[in-house]
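I have placed the structure first, in the form of structure tokens, so that the comments after it can refer back to it.
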Amino acid sequence: MVRLLPSKERLSKGSRVSAEELAADVAVDAVASEQTAPTDAIIDDDMPESDLVFNVSDLSVYYGDFRAVRDVNMAIRPKEITALIGPSGCGKSTVLRSFNRMNDLIPTARVEGTLLYRGVDLYDERVDPVEVRRRIGMVFQKPNPFPKSIYDNVAYGPRVAGQKKGLDDVVESSLKKAALWDEVKDRLNESAIGMSGGQQQRLSIARAIAGDPEVLLMDEPCSALDPIATARIEELMAELKDEYTILIVTHNMQQAARVSDRTAFYSVEVDEKSDRRTGILVEYTNTEKLFSNPDDERTENYITGRFG
Amino acid sequence: MADIGIESQPILPLRGISIEALASPARRARKEAAIRFIFLLAALVSIAISLLIVLSLVREASVFAFNIDWRQTWGQIGWFPRQGVYDMPTVLVSSLIVTGVAMLVAGPLGLGSAIYLSEYASRRTRGILKPVLEILAGVPSVVLGFFALFFLSPQVVERLGRNGWLVIGAVLVIAYIAIVASWMRKLIKREIDTPLSTQLVRVAALTFSVAFGLILIWWVLRVAGPSDVDNGLPFVKRGGQLAAAAVGVGILTIPLVASVSEDALASVPQELRQASAGLGARKITTTIQVVLPAAVSGIVAAFIIGVSRALGETMVVFMAGGAADAARFTDSPFEGGLTMTAAMASLATGTDNVVGEGLTFQSLYFVGFVLFVLTLGLNIIAGRFVNRVREKY
Ligand SMILES: Nc1ncnc2c1ncn2[C@@H]1O[C@H](COP(=O)(O)OP(=O)(O)OP(=O)(O)O)[C@@H](O)[C@H]1O
Ligand SMILES: [Mg+2]
């Protein structure tokens, strides 16, 4: 696999990946420019295309023959929190996983359409999914600590990326950012399995940011937590927003309303004849607008509790 | 009285009901009791059979233990039960050699196949390969005995010989030096900042294992080398050696090690692999850093069960081990030897009329008892490890 993405050092976060920078890594013949296909991204203001973190156009995801989600168009702006909401099975996780190519791990999964990450097509055959995941980190619904010490859990990302020096500092700063440092600083060498659920979830956030990603994808990170732990994670997200672009899937509409800048409402479209259920993006706009004055009737029904 | 259904009792709120309303009908209860009894009987019969086996084993073994002159069981020239010479080290060491060499084969190959099947193979490949492995598990040991005697012994073990072992030893030494050198280089350049203690432990473990490997090789070389004596037999040149039998036993043990390790790997939650991949780990890193540590107790259990299986294997060593009835003491895998199992089998063939002096017959029970205790102990330890895996997830 070729390393298509430019090295981090040469990039300031949030800037667009230029074709020249790409060319420095491999001989890329103007890959970015030809892939910047015109999109009809559903977004209500006009940030220049080059400043977007993600630009998704006509994305469909299949599991075998089954089309789980179709024709998604979304533009994600830097250092914002974007919430993905919608009824169960509408493909929120599927879409989220396509942002860092986690769908590659599912043998039957297949992606159509384009997904540009700072101008680079993430599904270009020269792109190494491992390199993508180092830049676009993920936090899952279950915290899943590795059966290792707290320290080794946090240091995992940097280590697999080849970092050997300065791990102590990385571990400390990541745990601090995840608001966990004070609770665990005296037991860094103890197993992470013995932590509480809320602590484990903050550990997995620390683990995700230790690798210094630019984007954090979170799939229902609070669904297994009590209200206090949830509030802590939400606080944390508000703080992390200064440095990271965050996408969060949540079933909790209050949470989406509280933490996010923009919200995408997904829904399921049922084909009368084949009875196939396909996820679609119904509305994507400012969180405030979506919850107070949505354009689409289906959104309105969902947020007022009449559906789903 | 007991047949009163709930509906015949008017149930009013805040009123007690009679106990009969909740009691089960008597017929139902009798049926349950009968079913229970049948299953209990089955369990009791199996337990009784096992106990009887152990009992007869212990009885005859104790006859041997109480009547033998213990000097006959240690430091003798070999295992000659018909002559009243029962040197236990002869059969114990042979068993150890066979088990050790068998695990050198079955360990890496079994674990390797398990990793391939569980982590790398597509569902289709797994669907093809797993039955193949099960076929290997189903190969009768007699067949492998033939394979060991007529192929492994002359074609592999004797050809590999002294030079083969020298090459393996050299590779080991070079690898060790390379690893230590690169570690020293990093240490000098201060590229690592894991605590010194863990690094010392790592180096100690490495040194220990390599030293162990070298001792093993030295020991093989000291006694080794297929002897140059041609015994003049036309077909089977030298009638097998422990090493050939051991490789055969190892092949027989691969499926067991593979399937138990694969179960252990499969019990590692998929989410852990995803979490690792989500942090930008490659597959091999995920396997080594996350999956194997999470499955370690199951893998240890697989190895112990494999050892126990190899220790108990009879037919292959009996056929290809290069000795029958009696054997001189040897600590070389390149000579013929008699394992505990082969010693037992070779005296009791086709009849219970074991020829020999007074205690020959009982000596077999005694060997069997030792084998039983060893295997039982190993299985108990393995069970502990397997339970640890279950508890964790
Ligand atoms: N690995 C998979 N293989 C096959 N189909 C899948 C797979 N994962 C998801 N699907 C299907 O894709 C559709 C979307 O699933 P997805 O998990 O993305 O929904 P979701 O919106 O995240 O739901 P939830 O809110 O319940 O998490 C569903 O119909 C689901 O059955
Ligand atoms: Mg989901």
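All residue names refer to the structure tokens as shown: chains lettered A, B, ... in order, residues numbered from 1 in each chain, ligands numbered from 1 in order.
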
Checklist entry - What are the DSSP alpha helix (DSSP H) residues of region 59-297 of chain A, as JSON, numbers by chain? => result {"A": [92, 93, 94, 95, 96, 97, 98, 129, 130, 131, 132, 133, 134, 135, 150, 151, 152, 153, 154, 155, 156, 157, 158, 159, 160, 167, 168, 169, 170, 171, 172, 173, 174, 175, 176, 177, 181, 182, 183, 184, 197, 198, 199, 200, 201, 202, 203, 204, 205, 206, 207, 208, 209, 210, 227, 228, 229, 230, 231, 232, 233, 234, 235, 236, 237, 238, 239, 240, 253, 254, 255, 256, 257, 258, 259, 287, 288, 289, 290, 291, 292, 297]}

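Residues of protein or nucleic acid lying within 8 Å of ligand 2, counting only C-alpha atoms and all ligand atoms, are Ser88, Gly89, Gly91, Lys92, Ser93, Thr94, Asp219, Glu220 and Val249 of chain A.
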
Distance cut-off 10 Å, counting only C-alpha atoms - which residues of chain A neighbour chain B? Return them as a short mmCIF file (atom, residue, chain, number, x, y, z; two decimals) with all heavy atoms, in the first residue's frame.
data_model
loop_
_atom_site.label_atom_id
_atom_site.label_comp_id
_atom_site.auth_asym_id
_atom_site.auth_seq_id
_atom_site.Cartn_x
_atom_site.Cartn_y
_atom_site.Cartn_z
N ARG A 97 -18.95 4.79 9.97
CA ARG A 97 -17.81 3.91 9.73
C ARG A 97 -17.17 4.15 8.37
O ARG A 97 -15.99 3.86 8.18
CB ARG A 97 -18.24 2.44 9.82
CG ARG A 97 -18.40 1.93 11.23
CD ARG A 97 -18.40 0.40 11.24
NE ARG A 97 -19.47 -0.15 10.44
CZ ARG A 97 -20.63 -0.57 10.93
NH1 ARG A 97 -20.86 -0.52 12.21
NH2 ARG A 97 -21.56 -1.06 10.13
N ASN A 100 -13.93 6.59 8.26
CA ASN A 100 -12.52 6.21 8.45
C ASN A 100 -12.26 4.78 7.96
O ASN A 100 -11.36 4.11 8.42
CB ASN A 100 -12.07 6.38 9.90
CG ASN A 100 -12.67 5.37 10.84
OD1 ASN A 100 -13.67 4.75 10.52
ND2 ASN A 100 -12.05 5.19 11.99
N ARG A 101 -13.09 4.38 7.03
CA ARG A 101 -12.91 3.10 6.36
C ARG A 101 -12.94 1.92 7.30
O ARG A 101 -12.31 0.88 7.05
CB ARG A 101 -11.62 3.09 5.52
CG ARG A 101 -11.71 4.12 4.40
CD ARG A 101 -10.70 3.96 3.32
NE ARG A 101 -10.65 2.61 2.73
CZ ARG A 101 -9.93 2.31 1.68
NH1 ARG A 101 -9.23 3.24 1.06
NH2 ARG A 101 -9.92 1.08 1.22
N MET A 102 -13.69 2.05 8.38
CA MET A 102 -13.89 0.89 9.24
C MET A 102 -14.77 -0.15 8.55
O MET A 102 -14.75 -1.32 8.90
CB MET A 102 -14.51 1.30 10.58
CG MET A 102 -13.56 2.00 11.52
SD MET A 102 -12.19 0.96 12.05
CE MET A 102 -13.00 0.01 13.32
N LEU A 105 -13.50 -3.50 7.27
CA LEU A 105 -13.35 -4.70 8.09
C LEU A 105 -14.53 -5.65 7.92
O LEU A 105 -14.47 -6.79 8.35
CB LEU A 105 -13.22 -4.33 9.58
CG LEU A 105 -12.06 -3.42 9.95
CD1 LEU A 105 -12.03 -3.18 11.44
CD2 LEU A 105 -10.74 -4.02 9.50
N PRO A 107 -16.43 -7.86 5.49
CA PRO A 107 -16.09 -8.37 4.16
C PRO A 107 -17.13 -8.02 3.09
O PRO A 107 -16.76 -7.79 1.94
CB PRO A 107 -16.05 -9.89 4.37
CG PRO A 107 -15.86 -10.09 5.84
CD PRO A 107 -16.47 -8.91 6.52
N PRO A 129 -6.01 2.34 4.30
CA PRO A 129 -7.00 2.55 5.36
C PRO A 129 -6.38 2.73 6.74
O PRO A 129 -6.91 3.46 7.57
CB PRO A 129 -7.87 1.29 5.31
CG PRO A 129 -7.23 0.37 4.37
CD PRO A 129 -6.29 1.13 3.52
N VAL A 130 -5.24 2.07 6.97
CA VAL A 130 -4.58 2.20 8.28
C VAL A 130 -4.14 3.64 8.51
O VAL A 130 -4.32 4.21 9.58
CB VAL A 130 -3.39 1.23 8.37
CG1 VAL A 130 -2.54 1.53 9.58
CG2 VAL A 130 -3.89 -0.21 8.41
N GLU A 131 -3.60 4.24 7.46
CA GLU A 131 -3.16 5.64 7.56
C GLU A 131 -4.37 6.55 7.80
O GLU A 131 -4.29 7.51 8.58
CB GLU A 131 -2.43 6.01 6.26
CG GLU A 131 -1.68 7.31 6.29
CD GLU A 131 -0.58 7.31 7.35
OE1 GLU A 131 0.05 6.25 7.59
OE2 GLU A 131 -0.38 8.38 7.94
N VAL A 132 -5.48 6.23 7.15
CA VAL A 132 -6.70 7.01 7.34
C VAL A 132 -7.13 6.98 8.80
O VAL A 132 -7.45 8.00 9.40
CB VAL A 132 -7.83 6.47 6.44
CG1 VAL A 132 -9.16 7.12 6.79
CG2 VAL A 132 -7.50 6.68 4.99
N ARG A 133 -7.09 5.77 9.38
CA ARG A 133 -7.60 5.62 10.75
C ARG A 133 -6.69 6.28 11.76
O ARG A 133 -7.10 6.59 12.87
CB ARG A 133 -7.78 4.13 11.08
CG ARG A 133 -8.88 3.52 10.26
CD ARG A 133 -9.04 2.05 10.52
NE ARG A 133 -9.71 1.41 9.40
CZ ARG A 133 -9.32 0.27 8.85
NH1 ARG A 133 -8.26 -0.36 9.31
NH2 ARG A 133 -9.99 -0.23 7.84
N ARG A 134 -5.42 6.47 11.40
CA ARG A 134 -4.54 7.19 12.32
C ARG A 134 -4.90 8.66 12.38
O ARG A 134 -4.62 9.35 13.35
CB ARG A 134 -3.08 7.02 11.91
CG ARG A 134 -2.61 5.63 12.25
CD ARG A 134 -1.19 5.33 11.86
NE ARG A 134 -0.94 3.90 12.13
CZ ARG A 134 0.10 3.23 11.68
NH1 ARG A 134 0.99 3.83 10.94
NH2 ARG A 134 0.24 1.96 11.96
N ARG A 135 -5.51 9.19 11.31
CA ARG A 135 -5.90 10.59 11.29
C ARG A 135 -7.34 10.78 11.72
O ARG A 135 -7.72 11.86 12.15
CB ARG A 135 -5.75 11.14 9.88
CG ARG A 135 -4.33 11.28 9.48
CD ARG A 135 -4.22 11.18 7.99
NE ARG A 135 -2.84 11.38 7.62
CZ ARG A 135 -2.32 12.55 7.34
NH1 ARG A 135 -3.06 13.62 7.37
NH2 ARG A 135 -1.05 12.65 7.03
N ILE A 136 -8.15 9.75 11.52
CA ILE A 136 -9.57 9.87 11.84
C ILE A 136 -9.89 8.79 12.87
O ILE A 136 -10.07 7.63 12.55
CB ILE A 136 -10.42 9.70 10.56
CG1 ILE A 136 -9.96 10.72 9.52
CG2 ILE A 136 -11.89 9.87 10.89
CD1 ILE A 136 -10.54 10.52 8.16
N GLY A 137 -9.87 9.20 14.14
CA GLY A 137 -10.00 8.23 15.22
C GLY A 137 -11.45 7.90 15.49
O GLY A 137 -12.36 8.56 15.02
N MET A 138 -11.64 6.82 16.26
CA MET A 138 -13.00 6.37 16.49
C MET A 138 -13.21 5.97 17.94
O MET A 138 -12.35 5.36 18.56
CB MET A 138 -13.29 5.17 15.58
CG MET A 138 -14.74 4.80 15.54
SD MET A 138 -15.16 4.09 13.95
CE MET A 138 -16.93 4.25 13.96
N VAL A 139 -14.37 6.36 18.48
CA VAL A 139 -14.77 5.94 19.82
C VAL A 139 -16.07 5.17 19.67
O VAL A 139 -17.00 5.63 19.01
CB VAL A 139 -14.99 7.17 20.73
CG1 VAL A 139 -15.52 6.74 22.09
CG2 VAL A 139 -13.69 7.94 20.89
N PHE A 140 -16.12 4.00 20.28
CA PHE A 140 -17.26 3.11 20.06
C PHE A 140 -18.27 3.20 21.20
O PHE A 140 -18.02 3.77 22.24
CB PHE A 140 -16.79 1.67 19.90
CG PHE A 140 -15.85 1.46 18.76
CD1 PHE A 140 -14.49 1.73 18.90
CD2 PHE A 140 -16.30 1.02 17.54
CE1 PHE A 140 -13.61 1.56 17.86
CE2 PHE A 140 -15.43 0.84 16.48
CZ PHE A 140 -14.09 1.11 16.64
N GLN A 141 -19.40 2.55 20.95
CA GLN A 141 -20.45 2.51 21.96
C GLN A 141 -19.96 1.82 23.24
O GLN A 141 -20.12 2.35 24.33
CB GLN A 141 -21.64 1.75 21.37
CG GLN A 141 -22.81 1.64 22.29
CD GLN A 141 -24.01 1.04 21.58
OE1 GLN A 141 -23.94 0.66 20.41
NE2 GLN A 141 -25.12 0.96 22.28
N LYS A 142 -19.35 0.64 23.06
CA LYS A 142 -18.74 -0.02 24.21
C LYS A 142 -17.29 0.44 24.30
O LYS A 142 -16.62 0.56 23.29
CB LYS A 142 -18.79 -1.54 24.03
CG LYS A 142 -20.12 -2.16 24.47
CD LYS A 142 -20.17 -3.64 24.13
CE LYS A 142 -19.15 -4.47 24.89
NZ LYS A 142 -19.08 -5.85 24.34
N PRO A 143 -16.80 0.70 25.52
CA PRO A 143 -15.45 1.26 25.62
C PRO A 143 -14.34 0.30 25.19
O PRO A 143 -13.33 0.75 24.65
CB PRO A 143 -15.31 1.60 27.11
CG PRO A 143 -16.47 1.01 27.81
CD PRO A 143 -17.52 0.67 26.81
N ASN A 144 -14.53 -1.04 25.39
CA ASN A 144 -13.54 -2.01 24.92
C ASN A 144 -12.10 -1.69 25.28
O ASN A 144 -11.25 -1.57 24.40
CB ASN A 144 -13.60 -2.16 23.41
CG ASN A 144 -14.91 -2.69 22.96
OD1 ASN A 144 -15.38 -3.67 23.50
ND2 ASN A 144 -15.53 -2.02 22.01
N PRO A 145 -11.78 -1.54 26.56
CA PRO A 145 -10.36 -1.38 26.90
C PRO A 145 -9.61 -2.66 26.55
O PRO A 145 -10.17 -3.76 26.65
CB PRO A 145 -10.38 -1.16 28.42
CG PRO A 145 -11.67 -1.76 28.88
CD PRO A 145 -12.64 -1.60 27.75
N PHE A 146 -8.36 -2.52 26.10
CA PHE A 146 -7.54 -3.70 25.85
C PHE A 146 -7.14 -4.30 27.20
O PHE A 146 -7.00 -3.57 28.18
CB PHE A 146 -6.27 -3.33 25.08
CG PHE A 146 -6.55 -2.71 23.75
CD1 PHE A 146 -5.86 -1.57 23.36
CD2 PHE A 146 -7.48 -3.26 22.89
CE1 PHE A 146 -6.11 -0.99 22.13
CE2 PHE A 146 -7.72 -2.68 21.65
CZ PHE A 146 -7.04 -1.55 21.28
N PRO A 147 -6.94 -5.61 27.25
CA PRO A 147 -6.48 -6.21 28.51
C PRO A 147 -5.02 -5.85 28.79
O PRO A 147 -4.15 -6.70 28.81
CB PRO A 147 -6.69 -7.71 28.29
CG PRO A 147 -6.69 -7.89 26.81
CD PRO A 147 -7.19 -6.62 26.22
N LYS A 148 -4.79 -4.57 28.98
CA LYS A 148 -3.45 -4.06 29.24
C LYS A 148 -3.57 -3.00 30.32
O LYS A 148 -4.68 -2.68 30.74
CB LYS A 148 -2.87 -3.39 28.00
CG LYS A 148 -2.64 -4.25 26.79
CD LYS A 148 -2.32 -3.35 25.60
CE LYS A 148 -2.04 -4.15 24.35
NZ LYS A 148 -0.76 -4.81 24.34
N ASN A 153 -2.87 1.15 27.27
CA ASN A 153 -4.06 1.43 26.47
C ASN A 153 -3.94 2.77 25.76
O ASN A 153 -4.20 2.89 24.57
CB ASN A 153 -5.30 1.43 27.36
CG ASN A 153 -6.04 0.11 27.34
OD1 ASN A 153 -6.82 -0.14 26.44
ND2 ASN A 153 -5.74 -0.74 28.30
N TYR A 156 -1.25 3.00 23.07
CA TYR A 156 -1.38 2.04 21.97
C TYR A 156 -1.31 2.71 20.60
O TYR A 156 -0.53 2.30 19.73
CB TYR A 156 -2.70 1.28 22.11
CG TYR A 156 -2.84 0.12 21.16
CD1 TYR A 156 -2.29 -1.11 21.47
CD2 TYR A 156 -3.51 0.25 19.95
CE1 TYR A 156 -2.41 -2.18 20.61
CE2 TYR A 156 -3.63 -0.82 19.09
CZ TYR A 156 -3.08 -2.03 19.41
OH TYR A 156 -3.20 -3.08 18.55
N GLY A 157 -2.13 3.76 20.42
CA GLY A 157 -2.18 4.43 19.12
C GLY A 157 -0.82 4.96 18.68
O GLY A 157 -0.34 4.63 17.60
N PRO A 158 -0.18 5.80 19.55
CA PRO A 158 1.15 6.29 19.16
C PRO A 158 2.14 5.16 18.90
O PRO A 158 2.95 5.24 17.99
CB PRO A 158 1.60 7.10 20.39
CG PRO A 158 0.37 7.38 21.16
CD PRO A 158 -0.67 6.39 20.79
N ARG A 159 2.06 4.09 19.69
CA ARG A 159 3.02 2.99 19.51
C ARG A 159 2.82 2.33 18.16
O ARG A 159 3.80 2.05 17.47
CB ARG A 159 2.86 1.96 20.62
CG ARG A 159 3.63 2.34 21.87
CD ARG A 159 3.69 1.17 22.84
NE ARG A 159 4.39 1.58 24.04
CZ ARG A 159 3.98 1.27 25.27
NH1 ARG A 159 2.90 0.55 25.45
NH2 ARG A 159 4.68 1.68 26.30
N VAL A 160 1.56 2.04 17.80
CA VAL A 160 1.39 1.36 16.51
C VAL A 160 1.78 2.28 15.36
O VAL A 160 2.10 1.82 14.27
CB VAL A 160 -0.05 0.83 16.29
CG1 VAL A 160 -0.42 -0.17 17.37
CG2 VAL A 160 -1.06 1.95 16.23
N ALA A 161 1.79 3.59 15.63
CA ALA A 161 2.23 4.50 14.59
C ALA A 161 3.75 4.65 14.60
O ALA A 161 4.30 5.43 13.84
CB ALA A 161 1.56 5.86 14.77
N GLN A 163 5.73 5.54 17.27
CA GLN A 163 6.34 6.47 18.22
C GLN A 163 6.92 5.70 19.40
O GLN A 163 6.30 4.79 19.94
CB GLN A 163 5.29 7.46 18.71
CG GLN A 163 5.88 8.52 19.61
CD GLN A 163 4.83 9.53 20.07
OE1 GLN A 163 3.74 9.59 19.52
NE2 GLN A 163 5.18 10.31 21.08
N LYS A 164 8.12 6.07 19.81
CA LYS A 164 8.73 5.39 20.94
C LYS A 164 9.14 6.37 22.02
O LYS A 164 9.21 6.02 23.19
CB LYS A 164 9.96 4.61 20.48
CG LYS A 164 9.56 3.33 19.79
CD LYS A 164 10.72 2.62 19.14
CE LYS A 164 10.22 1.43 18.35
NZ LYS A 164 11.06 1.18 17.18
N LYS A 165 9.42 7.58 21.63
CA LYS A 165 9.86 8.57 22.62
C LYS A 165 8.70 9.44 23.06
O LYS A 165 7.74 9.64 22.31
CB LYS A 165 10.96 9.46 22.02
CG LYS A 165 12.34 8.89 22.19
CD LYS A 165 13.36 9.78 21.52
CE LYS A 165 14.08 10.66 22.51
NZ LYS A 165 15.25 11.31 21.92
N GLY A 166 8.81 9.95 24.24
CA GLY A 166 7.84 10.93 24.70
C GLY A 166 6.46 10.37 24.96
O GLY A 166 5.48 11.10 25.01
N LEU A 167 6.39 9.06 25.14
CA LEU A 167 5.08 8.46 25.36
C LEU A 167 4.46 8.92 26.68
O LEU A 167 3.25 9.10 26.78
CB LEU A 167 5.18 6.93 25.34
CG LEU A 167 5.35 6.33 23.95
CD1 LEU A 167 5.56 4.83 24.03
CD2 LEU A 167 4.13 6.63 23.10
N ASP A 168 5.34 9.09 27.70
CA ASP A 168 4.82 9.55 29.00
C ASP A 168 4.03 10.84 28.85
O ASP A 168 2.95 10.99 29.40
CB ASP A 168 5.98 9.78 29.98
CG ASP A 168 6.59 8.46 30.42
OD1 ASP A 168 6.02 7.41 30.07
OD2 ASP A 168 7.64 8.48 31.09
N ILE A 193 -9.14 -2.96 32.74
CA ILE A 193 -10.39 -3.73 32.83
C ILE A 193 -11.14 -3.39 34.13
O ILE A 193 -12.35 -3.47 34.20
CB ILE A 193 -10.10 -5.25 32.76
CG1 ILE A 193 -9.21 -5.57 31.57
CG2 ILE A 193 -11.38 -6.06 32.74
CD1 ILE A 193 -9.91 -5.82 30.29
N SER A 204 -11.29 5.42 26.52
CA SER A 204 -11.25 5.16 25.09
C SER A 204 -11.19 6.47 24.30
O SER A 204 -10.66 6.49 23.20
CB SER A 204 -12.39 4.25 24.63
OG SER A 204 -13.62 4.78 24.97
N ARG A 207 -7.58 7.31 24.54
CA ARG A 207 -6.86 6.41 23.65
C ARG A 207 -6.99 6.89 22.20
O ARG A 207 -6.04 6.84 21.43
CB ARG A 207 -7.49 5.02 23.81
CG ARG A 207 -6.79 3.90 23.17
CD ARG A 207 -7.34 2.58 23.66
NE ARG A 207 -8.69 2.33 23.17
CZ ARG A 207 -9.35 1.19 23.39
NH1 ARG A 207 -8.79 0.23 24.07
NH2 ARG A 207 -10.57 1.03 22.91
N ALA A 208 -8.20 7.37 21.86
CA ALA A 208 -8.40 7.83 20.49
C ALA A 208 -7.63 9.12 20.21
O ALA A 208 -7.11 9.30 19.12
CB ALA A 208 -9.89 8.04 20.22
N ILE A 209 -7.55 10.03 21.21
CA ILE A 209 -6.86 11.29 20.91
C ILE A 209 -5.36 11.19 21.09
O ILE A 209 -4.62 12.05 20.62
CB ILE A 209 -7.43 12.50 21.72
CG1 ILE A 209 -7.38 12.21 23.21
CG2 ILE A 209 -8.83 12.83 21.30
CD1 ILE A 209 -8.11 13.26 24.03
N ALA A 210 -4.87 10.12 21.73
CA ALA A 210 -3.43 9.98 21.94
C ALA A 210 -2.69 9.88 20.61
O ALA A 210 -1.54 10.32 20.50
CB ALA A 210 -3.13 8.76 22.80
N GLY A 211 -3.33 9.31 19.62
CA GLY A 211 -2.68 9.18 18.32
C GLY A 211 -2.68 10.48 17.52
O GLY A 211 -2.29 10.51 16.37
N PRO A 213 -5.22 12.46 16.25
CA PRO A 213 -6.02 12.48 15.02
C PRO A 213 -6.54 13.89 14.75
O PRO A 213 -6.37 14.78 15.58
CB PRO A 213 -7.19 11.55 15.37
CG PRO A 213 -7.39 11.74 16.83
CD PRO A 213 -6.02 12.03 17.41
N LEU A 217 -14.58 10.22 15.45
CA LEU A 217 -15.90 9.68 15.14
C LEU A 217 -16.40 8.97 16.39
O LEU A 217 -15.69 8.15 16.96
CB LEU A 217 -15.81 8.67 13.99
CG LEU A 217 -15.11 9.15 12.72
CD1 LEU A 217 -15.01 8.00 11.73
CD2 LEU A 217 -15.87 10.31 12.11
#

Checklist outcome for this item: Correct to one decimal, the distance atom 25 (O, counted along the ligand's line) of ligand 1-CA of Thr263 (chain A) is 15.1 Å

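Atom pair CA of Ile303 (chain A) / CA of Thr250 (chain A) has a distance of 13.0 Å (rounded to one decimal).
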
Next on the checklist: Which residues are near region 249-262 of chain B? Cut-off 8 Å, only C-alpha atoms, ignore same chain within fewer than 6 positions. Put them as a count of residues only.
Outcome noted: 37

Checklist entry - Got a sec to tell me which of region 69-115 of chain A DSSP assigns to strand (DSSP E or B), as a count of residues only? => result 20

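Counting from CA of Glu158 (chain B), the distance to CA of Phe334 (chain B) is 8.1 Å.
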